[in-house]
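For reference, the structure discussed in these notes is given below.
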Amino acid sequence: MEKIQYIGETLLPGQIGQLGVLLGFVGALLSMVAYWFATQRQETAEYESWRKIGRIAFLTHGVGIFAVIGSLLYAMTHQLYEYQYVQGHVSEELPMKFIFSALWEGQEGSFLLWMFWHIVLGFILLVKGKSWETSTLTVLAAIQAVLGSMILGVYFGFGDEASKIGSNPMLLLRQTIDAPIFAQADYVKLIKGNGLSPALQNYWMTIHPPTLFLGFASTSIPFAYAIAGLWTKRHTEWLKPALPWALFCGSILGTGILMGSAWAYEALNFGGYWAWDPVENTSLVPWLIIIAGVHTNLISKATGHSVRSSYIFYLLSFLLVVYSTFLTRSGVLGETSVHAFTGSGLGNQLIFFIAAFTLPSLFLMIWRWRQIPSPKTEEATTSKEFWMFIGTLILLFSAVLITGSTSLPVFNKIVQYFNPAYQGRVITEPVIHFNKYQLWIGVFIGYFSGFAQYLRFREHNWSKNAQRFAIHVGVALAIAGVLTYLSSLLIQLPTWQYVLLTFSGYFTIVSNLDYLINYLKGNLKAAGSVFAHLGFGLMLVGIMASGVNRKIISSNAFLMDGLIEGGDEEMSKKNISLFKNVPTLMQDYMVTYVKDTLVDFTRTYTVNYQRKNKAGKVIEDFNLYPTILYEKTFTKIATSNPDTRHYWTKDVFTHISALPEVEQNFELKKQREEELKYKPLELAQGRTVLLLDTLEVENRDTVFTRTFQISLESISRNPAHKDYKPEPGDLAFSTKLKIRRSDDDSVYYANPAILLRGQLIYTYPDQIDDLSSKFKISQEAIEKVFEFDNQLKYEDLNLRQGDVGNWQDLKIKFSGFNKNPEHPDYTRKEGDLAVGAMLDISAPDGKVYHAEPIFLIRDGQPLNVKVEVSELGLHLRFPLLDPGKETIQLMLAKSSAPSSIPIEVATDALPSNYIVLEAMEFPGINVFWLGTLLMMFGLGFSIWNRMSTRRTAEVAAA
Amino acid sequence: MKRIYLIAGVMVAIAIALLVNSAKDMSTYGSFADANTSSKKIKIAGKLAKNKPMVYDPVKDPNHFSFFIKDSEGEEHKVVLLKAKPQDFEMSEQIVVTGRMKDGVFVATDLLMKCPSKYKDEEIAIKSKQNG
């Protein structure tokens with residue numbers, strides 16, 4: 001093929017980006033090697049120079065990756081669609097504020113985001129790591145090298161098959177796909193971008209991924225410390241610097257996960273904040289493990305026990321992040337997740353990623369196992385460390401169960417590899433399955449984090465502590481019991497397991513508060529753990545209230561997933577159809593679909609909720625505004641966004657689950673509109689016309705007929721139609737039609753309108769959904785109502801300035817001249833002499849209309865511009881001006897009332913005036929959010945506390 | 001033997017027991033023939049039979065969507081989903097329904113579908129004349 005000289009491509013950002021990709025990869029490798037040698041030669045003279053190379057290489061790596069991000073962002077903000085990544089994620093319509101969302105929407109972008117955070121965290125280690133710098137950065141550089149390989153995009157051949165390493169975000173579109181358009185040298189001018197999926201165009205997409213990826217990236221640091229500790233045999237020293245990092249990770253990763261669930265709750269429509277989706281699960285598991293690690297780390301620091309566990313947990317947490325990356329990006333999950341995954345072609349590379357870090361970790365762990373200090377003395381069952389350790393085992397237990405179930409597709413793949421006939425297994429009902437087991441985790445963690453607070457590390461003198469312990473635990477249990485009972489009056493605790501869970505939540509809350517007041521004596525410095533555990537207790541109670549007691553108000557069933565066998569079929573019916581302006585009773589609420597407005601691609605529905613008390617007084621009255629976002633073509637709904645009314649005690653959540661077909665697809669609506677079978681009718685005022693309508697019955701040979709009685713009530717020259725916006729100069733009218741159908745007792749009214757604007761006729765049909773019929777005014781009606789000028793019989797009227805003249809039943813006042821008259825039909829020309837006569841016309845009903853006919857002399861010729869007072873059917877001309885007598889001559893004519901109006905009726909219109917709504921009440925959901933936030937705050941508080949004590953210690957030492 | 005190892009051992013044993021027990025919650029994708037013989041909920045994976053009627057009339061019942069799918073054994077059967085009709089249903093490549101047979105109709109309480117990914121189609125959008 002001939003080589004084409006392409007025009008209009010901007011190649012520089014791509015070249016810089018490609019260089020950055022290479023620099024990033026090579027820099028990471030070099031940094032890893034140099035830091036490795038520096039660590040191995042700690043005591044020698046070579047150390048300094050190796051470390052220097054390591055640092056320079058790591059910084060070079062950083063510069064490389066930043067250059068990739070920078071050039072990619074440049075290409076995206078400048079809409080350089082010749083780049084594949086830009087074309088896939090940006091479009092002209094994409095607002096600039098979503099450019100970052102578009103950056104990390106794709107696979108390559110999210111790897112870049114991950115690496116970005118590693119560079120930031122790595123830089124902190126480089127500056128502050130001291131004796132840990134070389135060993136931890138060896139590990140981090142190794143991780144960066146593997147991640148860097150994910151965006152390399154190099155092909156190399158193994159036999160016949162070319163393998164691809166990584167997917168490069170800086171490739172040109174024409175390098176990635178083959179399309180006929182690339183035969184044109186100026187193709188760049190012709191293409192446009194796909195843009196960011198409308199469902200992702202919200203602020204959650206801006207804040208959730210960076211937080212989550214910072215959380216993922218921060219699991220690497222405790223991991224790096226653990227490897228460094230094993231490697232350099234400093235088995236106890238590493239625990240101290242690793243702890244704040246693990247706390248940081250716990251707090252950020254936790255916040256990232258929470259943002260995901262808040263996003264799901266606020267902006268997506270599955271109606272809840274947690275769905276046990278594989279993507280959620282695989283980000284939760286590393287968090288559980290890092291939290292377990294924090295606890296064993298604390299034990300190790302306080303007692304010297306559990307060092308091995310701390311190693312294992314910190315190693316595992318990062319490895320599980322890598323595993324999660326594999327699960328969510330390799331396509332192995334298939335149809336088990338609602339998140340759309342497509343195989344990225346990186347599957348093998350991701351398996352390598354897992355192996356590259358799991359095997360060395362395992363190897364190091366086994367190799368050093370016997371060296372790791374482990375006290376001979378056993379933990380006393382009355383000591384804090386004992387129960388904390390059991391707690392971490394429960395967290396591990398939870399992680400194992402979640403990972404096991406989530407990995408089912410992987411298990412299937414492995415078995416199928418050996419036995420192709422094997423049929424893969426799936427969890428029939430994932431939510432029920434996970435809830436059933438995880439409930440117990442909640443129960444145990446709840447109890448432990450309550451009473452373990454009262455216990456002491458290295459308990460030697462239990463007998464002294466025992467009594468106080470017993471009193472405090474006893475009182476806390478009693479208060480928790482009372483609170484559980486009180487709660488059972490407010491919310492349902494459907495089974496004894498749930499009673500235990502609620503009780504356990506309250507027990508943690510009470511005992512932690514008690515511990516804060518009576519043990520810590522309000523000393524907030526040590527209160528991080530109290531806050532976190534208090535938060536956990538609140539979270540349990542919040543889940544009980546908002547999750548288990550989630551109430552579907554758009555149906556009449558309580559939704560208690562899986563608690564009643566067979567009842568779930570009734571419970572899955574969650575939707576209600578709401579017809580416009582028809583108040584519908586939904587549980588306690590009277591709900592009305594009031595209106596909808598379309599702005600750009602977003603259609604906002606106003607749904608009114610009203611609740612009355614027994615006396616009939618309205619005690620709650622609010623509107624919710626769920627929206628529908630259309631695709632650019634208006635042929636599909638891109639996403640449906642819920643709206644929620646927040647109260648202190650509950651949330652009322654509403655989203656639109658379906659729309660009439662014609663409202664989902666405007667093409668279809670137009671097509672249906674054209675397909676409607678309109679029948680013409682001639683309607684005279686005061687006479688009723690009959691229309692016979694035949695209806696074919698599905699699958700039967702019979703037809704069934706019914707009669708429409710239609711009469712013309714009135715004609716209005718002041719049309720009010722929802723789609724018609726009056727403009728000056730419009731000629732428009734509407735007809736009021738009275739309709740009855742033989743099989744329906746009600747009387748209906750339709751108000752179709754028609755408009756002549758300039759040369760164009762617009763018809764505004766009116767639909768009566770209850771009769772599935774549509775009415776419009778025929779175009780010929782225009783002529784009948786607005787007669788042509790030559791058919792009008794004008795009469796003269798002479799007026800002086802200030803005069804009031806009578807014409808027919810109208811009073812016409814001539815108040816003066818306008819030297820600068822304006823009229824849509826009149827455009828001023830050089831040399832025109834034009835005046836308008838300012839007239840106030842009073843109708844018999846007292847209404848006053850203003851009109852300004854124009855008289856002008858153009859090129860010596862007298863001319864006039866007619867005006868029409870359409871409401872009165874009055875035509876006015878101003879043909880003569882007598883300057884001597886100061887009188888004007890007017891010509892007036894009135895349209896005669898038309899004898900009949902032709903209209904058209906279609907009886908096969910599709911109903912379009914309803915929405916299908918799903919509404920839920922989440923009682924006490926704020927308790928859940930408060931609890932989770934308190935947990936994260938507690939973790940953050942602990943870091944701050946540790947950092948400040950360390951600083952004080954450093955100052956004291958100096 | 002340390003007490004703590006004992007406890008850990010017991011917990012591992014329970015974990016294994018639970019994981020084994022949880023196999024009860026799992027099943028292979030079934031067929032309509034299986035659904036006919038079982039009263040338990042099963043999952044059926046299949047393809048939408050596009051030539052058969054698909055009925056969703058929210059005016060009558062917003063929680064009733066009926067369609068036909070062809071299961072892995074090639075049997076076409078009517079399914080009633082007790083939910084609103086999902087977006088892009090016609091475009092689905094594969095459908096998984098969870099439910100049970102009732103009076104000759106498969107009544108589903110849950111539906112998952114796999115749609116072709118939005119960015120998978122390697123079509124390059126061409127600017128229309130007005131914009132160009």
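Quick note on naming: the chains in the structure tokens go A, B, ... in the order shown, residues restart at 1 in each chain, and ligands are numbered from 1 in order of appearance.
The part of chain A that reaches within 6 Å of chain B is made up of Leu190, Ile191, Lys192, Gly424, Arg425, Val426, Ile427, Thr428, Ser572, Lys573, Asn575 and Ile576 of chain A, counting only C-alpha atoms.
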Any chance you can output those residues with C-alpha atoms as a PDB file, in the first residue's frame?
```
ATOM      1  CA  LEU A 190     -13.618  14.326   9.531  1.00  0.00           C
ATOM      2  CA  ILE A 191     -13.702  12.311  12.724  1.00  0.00           C
ATOM      3  CA  LYS A 192     -15.199  13.080  16.066  1.00  0.00           C
ATOM      4  CA  GLY A 424     -19.591 -23.667  35.600  1.00  0.00           C
ATOM      5  CA  ARG A 425     -21.398 -22.895  38.812  1.00  0.00           C
ATOM      6  CA  VAL A 426     -22.984 -19.620  39.829  1.00  0.00           C
ATOM      7  CA  ILE A 427     -24.426 -18.306  43.047  1.00  0.00           C
ATOM      8  CA  THR A 428     -28.178 -18.371  42.582  1.00  0.00           C
ATOM      9  CA  SER A 572     -39.862  -8.148  43.387  1.00  0.00           C
ATOM     10  CA  LYS A 573     -42.837  -6.135  42.199  1.00  0.00           C
ATOM     11  CA  ASN A 575     -42.897  -0.481  40.309  1.00  0.00           C
ATOM     12  CA  ILE A 576     -45.957   1.641  39.975  1.00  0.00           C
TER      13      ILE A 576
END
```
So which residues touch stretch 373-388 of chain A within 10 Å, counting only C-alpha atoms, skipping near sequence neighbours fewer than 6 positions away, as a VMD selection string?
(chain A and resid 235 to 236 292 295 to 296 298 to 300 302 to 308 394 445 448 to 449 451 to 463 465 to 466) or (chain B and resid 1 to 4)
Once you have the residues from the selection above, write them out as a compact mmCIF listing (two decimals), in the first residue's frame, restricted to N, CA and C atoms.
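Result file selection-v7.txt:
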```txt
# COMPACT_ATOMS: atom_id res chain seq x y z
N HIS A 235 12.82 -7.56 61.77
CA HIS A 235 11.45 -8.04 61.92
C HIS A 235 10.59 -7.24 62.88
N THR A 236 11.20 -6.49 63.77
CA THR A 236 10.37 -5.70 64.67
C THR A 236 10.41 -4.21 64.33
N ALA A 292 -7.19 -5.74 59.56
CA ALA A 292 -6.65 -6.84 60.39
C ALA A 292 -5.18 -6.58 60.66
N HIS A 295 -4.50 -4.10 63.37
CA HIS A 295 -4.68 -4.66 64.71
C HIS A 295 -3.50 -5.52 65.15
N THR A 296 -3.02 -6.40 64.27
CA THR A 296 -1.87 -7.22 64.67
C THR A 296 -0.63 -6.36 64.84
N LEU A 298 -0.60 -3.34 65.99
CA LEU A 298 -0.72 -2.77 67.33
C LEU A 298 -0.33 -3.78 68.40
N ILE A 299 -0.80 -5.03 68.20
CA ILE A 299 -0.45 -6.09 69.17
C ILE A 299 1.06 -6.27 69.20
N SER A 300 1.66 -6.36 67.99
CA SER A 300 3.11 -6.59 67.93
C SER A 300 3.86 -5.48 68.63
N ALA A 302 2.85 -3.57 71.01
CA ALA A 302 2.60 -3.53 72.44
C ALA A 302 3.17 -4.75 73.15
N THR A 303 3.13 -5.91 72.51
CA THR A 303 3.46 -7.14 73.23
C THR A 303 4.53 -8.00 72.56
N GLY A 304 4.83 -7.75 71.29
CA GLY A 304 5.78 -8.61 70.59
C GLY A 304 5.14 -9.85 70.00
N HIS A 305 3.87 -10.05 70.29
CA HIS A 305 3.15 -11.16 69.66
C HIS A 305 2.75 -10.77 68.23
N SER A 306 2.32 -11.76 67.44
CA SER A 306 1.64 -11.52 66.16
C SER A 306 2.47 -10.81 65.09
N VAL A 307 3.80 -10.89 65.18
CA VAL A 307 4.61 -10.25 64.12
C VAL A 307 4.37 -10.97 62.79
N ARG A 308 4.34 -12.30 62.88
CA ARG A 308 4.11 -13.07 61.65
C ARG A 308 2.77 -12.71 61.01
N ILE A 394 -11.29 -13.15 62.58
CA ILE A 394 -12.65 -13.06 62.04
C ILE A 394 -12.66 -12.21 60.77
N ILE A 445 -17.54 -9.25 65.38
CA ILE A 445 -16.69 -8.06 65.45
C ILE A 445 -17.33 -7.04 66.39
N PHE A 448 -16.68 -8.15 70.04
CA PHE A 448 -15.26 -8.06 70.39
C PHE A 448 -14.81 -6.62 70.52
N SER A 449 -15.25 -5.78 69.57
CA SER A 449 -14.75 -4.41 69.65
C SER A 449 -15.44 -3.65 70.78
N PHE A 451 -16.14 -5.37 74.15
CA PHE A 451 -15.52 -5.70 75.45
C PHE A 451 -13.99 -5.68 75.42
N ALA A 452 -13.38 -5.86 74.22
CA ALA A 452 -11.92 -5.87 74.18
C ALA A 452 -11.35 -4.51 74.57
N GLN A 453 -12.16 -3.44 74.40
CA GLN A 453 -11.68 -2.11 74.79
C GLN A 453 -11.32 -2.07 76.27
N TYR A 454 -12.11 -2.80 77.10
CA TYR A 454 -11.89 -2.74 78.55
C TYR A 454 -10.67 -3.54 78.99
N LEU A 455 -10.21 -4.44 78.08
CA LEU A 455 -9.10 -5.31 78.48
C LEU A 455 -7.78 -4.56 78.32
N ARG A 456 -6.72 -5.14 78.96
CA ARG A 456 -5.42 -4.47 78.90
C ARG A 456 -4.42 -5.39 78.21
N PHE A 457 -3.44 -4.73 77.55
CA PHE A 457 -2.35 -5.50 76.96
C PHE A 457 -1.55 -6.16 78.06
N ARG A 458 -0.98 -7.32 77.78
CA ARG A 458 -0.12 -8.06 78.72
C ARG A 458 -0.75 -8.10 80.11
N GLU A 459 -1.95 -8.59 80.19
CA GLU A 459 -2.64 -8.64 81.48
C GLU A 459 -1.93 -9.60 82.44
N HIS A 460 -1.42 -9.01 83.56
CA HIS A 460 -0.78 -9.87 84.56
C HIS A 460 -1.59 -9.94 85.83
N ASN A 461 -2.48 -9.01 85.92
CA ASN A 461 -3.15 -8.86 87.21
C ASN A 461 -4.66 -8.84 87.00
N TRP A 462 -5.15 -9.90 86.42
CA TRP A 462 -6.55 -9.95 86.00
C TRP A 462 -7.51 -9.76 87.16
N SER A 463 -7.15 -10.37 88.28
CA SER A 463 -8.08 -10.34 89.41
C SER A 463 -8.43 -8.91 89.81
N ASN A 465 -8.48 -6.35 87.68
CA ASN A 465 -9.25 -5.73 86.60
C ASN A 465 -10.63 -6.37 86.46
N ALA A 466 -10.72 -7.62 86.91
CA ALA A 466 -11.89 -8.45 86.59
C ALA A 466 -13.21 -7.83 87.01
N MET B 1 0.73 -27.04 72.40
CA MET B 1 -0.03 -26.31 71.38
C MET B 1 -0.65 -25.07 72.01
N LYS B 2 -0.42 -23.97 71.33
CA LYS B 2 -0.97 -22.73 71.86
C LYS B 2 -2.47 -22.68 71.66
N ARG B 3 -3.12 -22.05 72.62
CA ARG B 3 -4.56 -21.92 72.54
C ARG B 3 -4.98 -21.19 71.26
N ILE B 4 -4.15 -20.19 70.94
CA ILE B 4 -4.54 -19.34 69.82
C ILE B 4 -4.52 -20.11 68.50
```
Non-local contacts of A:Gly106 (12 Å; only C-alpha atoms; under 2 positions in same chain excluded) as a ChimeraX atom specification:
/A:84-90,100-104,108-113,151,167-169,195-197,200,209,329,341-342,344 /B:119
Dump C-alpha atoms for the selected residues as a PDB file, in the first residue's frame?
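Output file selection_11.pdb follows:
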```pdb
ATOM      1  CA  GLN A  84      -7.204   6.454  19.936  1.00  0.00           C
ATOM      2  CA  TYR A  85      -7.646   7.209  23.658  1.00  0.00           C
ATOM      3  CA  VAL A  86      -8.878  10.733  22.976  1.00  0.00           C
ATOM      4  CA  GLN A  87     -11.294   9.534  20.325  1.00  0.00           C
ATOM      5  CA  GLY A  88     -12.643   6.903  22.671  1.00  0.00           C
ATOM      6  CA  HIS A  89     -13.187   9.076  25.721  1.00  0.00           C
ATOM      7  CA  VAL A  90     -13.629  12.709  24.670  1.00  0.00           C
ATOM      8  CA  PHE A 100     -10.255  14.038  34.315  1.00  0.00           C
ATOM      9  CA  SER A 101     -13.148  11.588  34.476  1.00  0.00           C
ATOM     10  CA  ALA A 102     -12.530  10.846  30.819  1.00  0.00           C
ATOM     11  CA  LEU A 103      -8.839  10.377  31.576  1.00  0.00           C
ATOM     12  CA  TRP A 104      -9.403   7.582  34.066  1.00  0.00           C
ATOM     13  CA  GLU A 108      -4.884   2.701  30.461  1.00  0.00           C
ATOM     14  CA  GLY A 109      -5.944   5.873  32.221  1.00  0.00           C
ATOM     15  CA  SER A 110      -6.723   4.045  35.434  1.00  0.00           C
ATOM     16  CA  PHE A 111      -3.315   2.356  35.382  1.00  0.00           C
ATOM     17  CA  LEU A 112      -1.808   5.816  34.967  1.00  0.00           C
ATOM     18  CA  LEU A 113      -3.816   7.066  37.937  1.00  0.00           C
ATOM     19  CA  ILE A 151       0.798   0.668  29.117  1.00  0.00           C
ATOM     20  CA  SER A 167      -2.006  -1.309  25.896  1.00  0.00           C
ATOM     21  CA  ASN A 168      -0.518   2.048  25.054  1.00  0.00           C
ATOM     22  CA  PRO A 169      -2.721   5.112  25.532  1.00  0.00           C
ATOM     23  CA  GLY A 195     -17.122  10.941  24.446  1.00  0.00           C
ATOM     24  CA  LEU A 196     -17.640   9.936  28.012  1.00  0.00           C
ATOM     25  CA  SER A 197     -20.631   7.774  28.751  1.00  0.00           C
ATOM     26  CA  LEU A 200     -20.312   8.719  34.142  1.00  0.00           C
ATOM     27  CA  PRO A 209     -11.634   6.828  41.230  1.00  0.00           C
ATOM     28  CA  ARG A 329      -9.995  -6.393  34.205  1.00  0.00           C
ATOM     29  CA  PHE A 341     -16.228  -5.919  31.648  1.00  0.00           C
ATOM     30  CA  THR A 342     -14.636  -6.767  28.442  1.00  0.00           C
ATOM     31  CA  SER A 344      -8.687  -6.258  27.849  1.00  0.00           C
TER      32      SER A 344
ATOM     33  CA  TYR B 119     -16.837   1.121  22.995  1.00  0.00           C
TER      34      TYR B 119
END
```
Please identify which residues in stretch 299-452 of chain A DSSP calls helix (DSSP H, G or I) from the backbone, and express them as number ranges by chain.
A: 299-303, 307-329, 334-336, 347-371, 384-406, 408-418, 430-452
Using only C-alpha atoms, what does the table of stretch 96-189 of chain A residues within 12 Å of stretch 242-246 of chain A look like, with each row giving the shortest atom pair and its distance in Å to one decimal, sorted by chain and ascending number, as CSV?
```
residue,atom,partner,partner_atom,distance
A:Leu121,CA,A:Trp245,CA,9.9
A:Gly122,CA,A:Trp245,CA,12.0
A:Ile124,CA,A:Trp245,CA,11.2
A:Leu125,CA,A:Trp245,CA,10.6
A:Gly129,CA,A:Ala242,CA,10.6
A:Trp132,CA,A:Ala242,CA,10.2
A:Thr136,CA,A:Ala242,CA,10.5
```
Please, could you write that set of residues out with N, CA, C and O atoms as a PDB file, in the first residue's frame?
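For reference, again.pdb as written:
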```pdb
ATOM      1  N   LEU A 121       3.429   8.693  46.611  1.00  0.00           N
ATOM      2  CA  LEU A 121       3.747   8.016  47.868  1.00  0.00           C
ATOM      3  C   LEU A 121       5.223   7.640  47.907  1.00  0.00           C
ATOM      4  O   LEU A 121       5.885   7.757  48.950  1.00  0.00           O
ATOM      5  N   GLY A 122       5.740   7.194  46.752  1.00  0.00           N
ATOM      6  CA  GLY A 122       7.147   6.819  46.668  1.00  0.00           C
ATOM      7  C   GLY A 122       8.058   8.003  46.968  1.00  0.00           C
ATOM      8  O   GLY A 122       9.095   7.867  47.616  1.00  0.00           O
ATOM      9  N   ILE A 124       7.420  10.434  48.951  1.00  0.00           N
ATOM     10  CA  ILE A 124       7.439  10.631  50.413  1.00  0.00           C
ATOM     11  C   ILE A 124       8.418   9.655  51.057  1.00  0.00           C
ATOM     12  O   ILE A 124       9.214  10.021  51.925  1.00  0.00           O
ATOM     13  N   LEU A 125       8.391   8.392  50.600  1.00  0.00           N
ATOM     14  CA  LEU A 125       9.326   7.401  51.137  1.00  0.00           C
ATOM     15  C   LEU A 125      10.766   7.813  50.842  1.00  0.00           C
ATOM     16  O   LEU A 125      11.658   7.657  51.670  1.00  0.00           O
ATOM     17  N   GLY A 129      11.934   8.244  54.192  1.00  0.00           N
ATOM     18  CA  GLY A 129      12.049   6.819  54.515  1.00  0.00           C
ATOM     19  C   GLY A 129      13.258   6.461  55.356  1.00  0.00           C
ATOM     20  O   GLY A 129      13.318   5.397  55.956  1.00  0.00           O
ATOM     21  N   TRP A 132      14.748   2.984  55.618  1.00  0.00           N
ATOM     22  CA  TRP A 132      13.846   2.104  54.877  1.00  0.00           C
ATOM     23  C   TRP A 132      13.731   2.498  53.406  1.00  0.00           C
ATOM     24  O   TRP A 132      13.083   1.818  52.635  1.00  0.00           O
ATOM     25  N   THR A 136      12.234  -0.305  50.696  1.00  0.00           N
ATOM     26  CA  THR A 136      10.816  -0.159  50.315  1.00  0.00           C
ATOM     27  C   THR A 136      10.694   0.326  48.880  1.00  0.00           C
ATOM     28  O   THR A 136       9.801  -0.104  48.145  1.00  0.00           O
TER      29      THR A 136
END
```
Among stretch 13-68 of chain B, which ones does DSSP assign to strand (DSSP E or B) (computed from the backbone)? Answer as a ChimeraX atom specification.
/B:26-28,30,42-48,55-56,65-68
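Between atom CA of A:Ser330 and atom CA of A:Ser218 the separation is 22.6 Å.
As for atom CA of B:Val80 and atom CA of A:Ile628, they are spaced 25.6 Å apart.
Atom CA of A:Gly345 to atom CA of A:Phe418 spans 22.1 Å [interatomic distance, one decimal].
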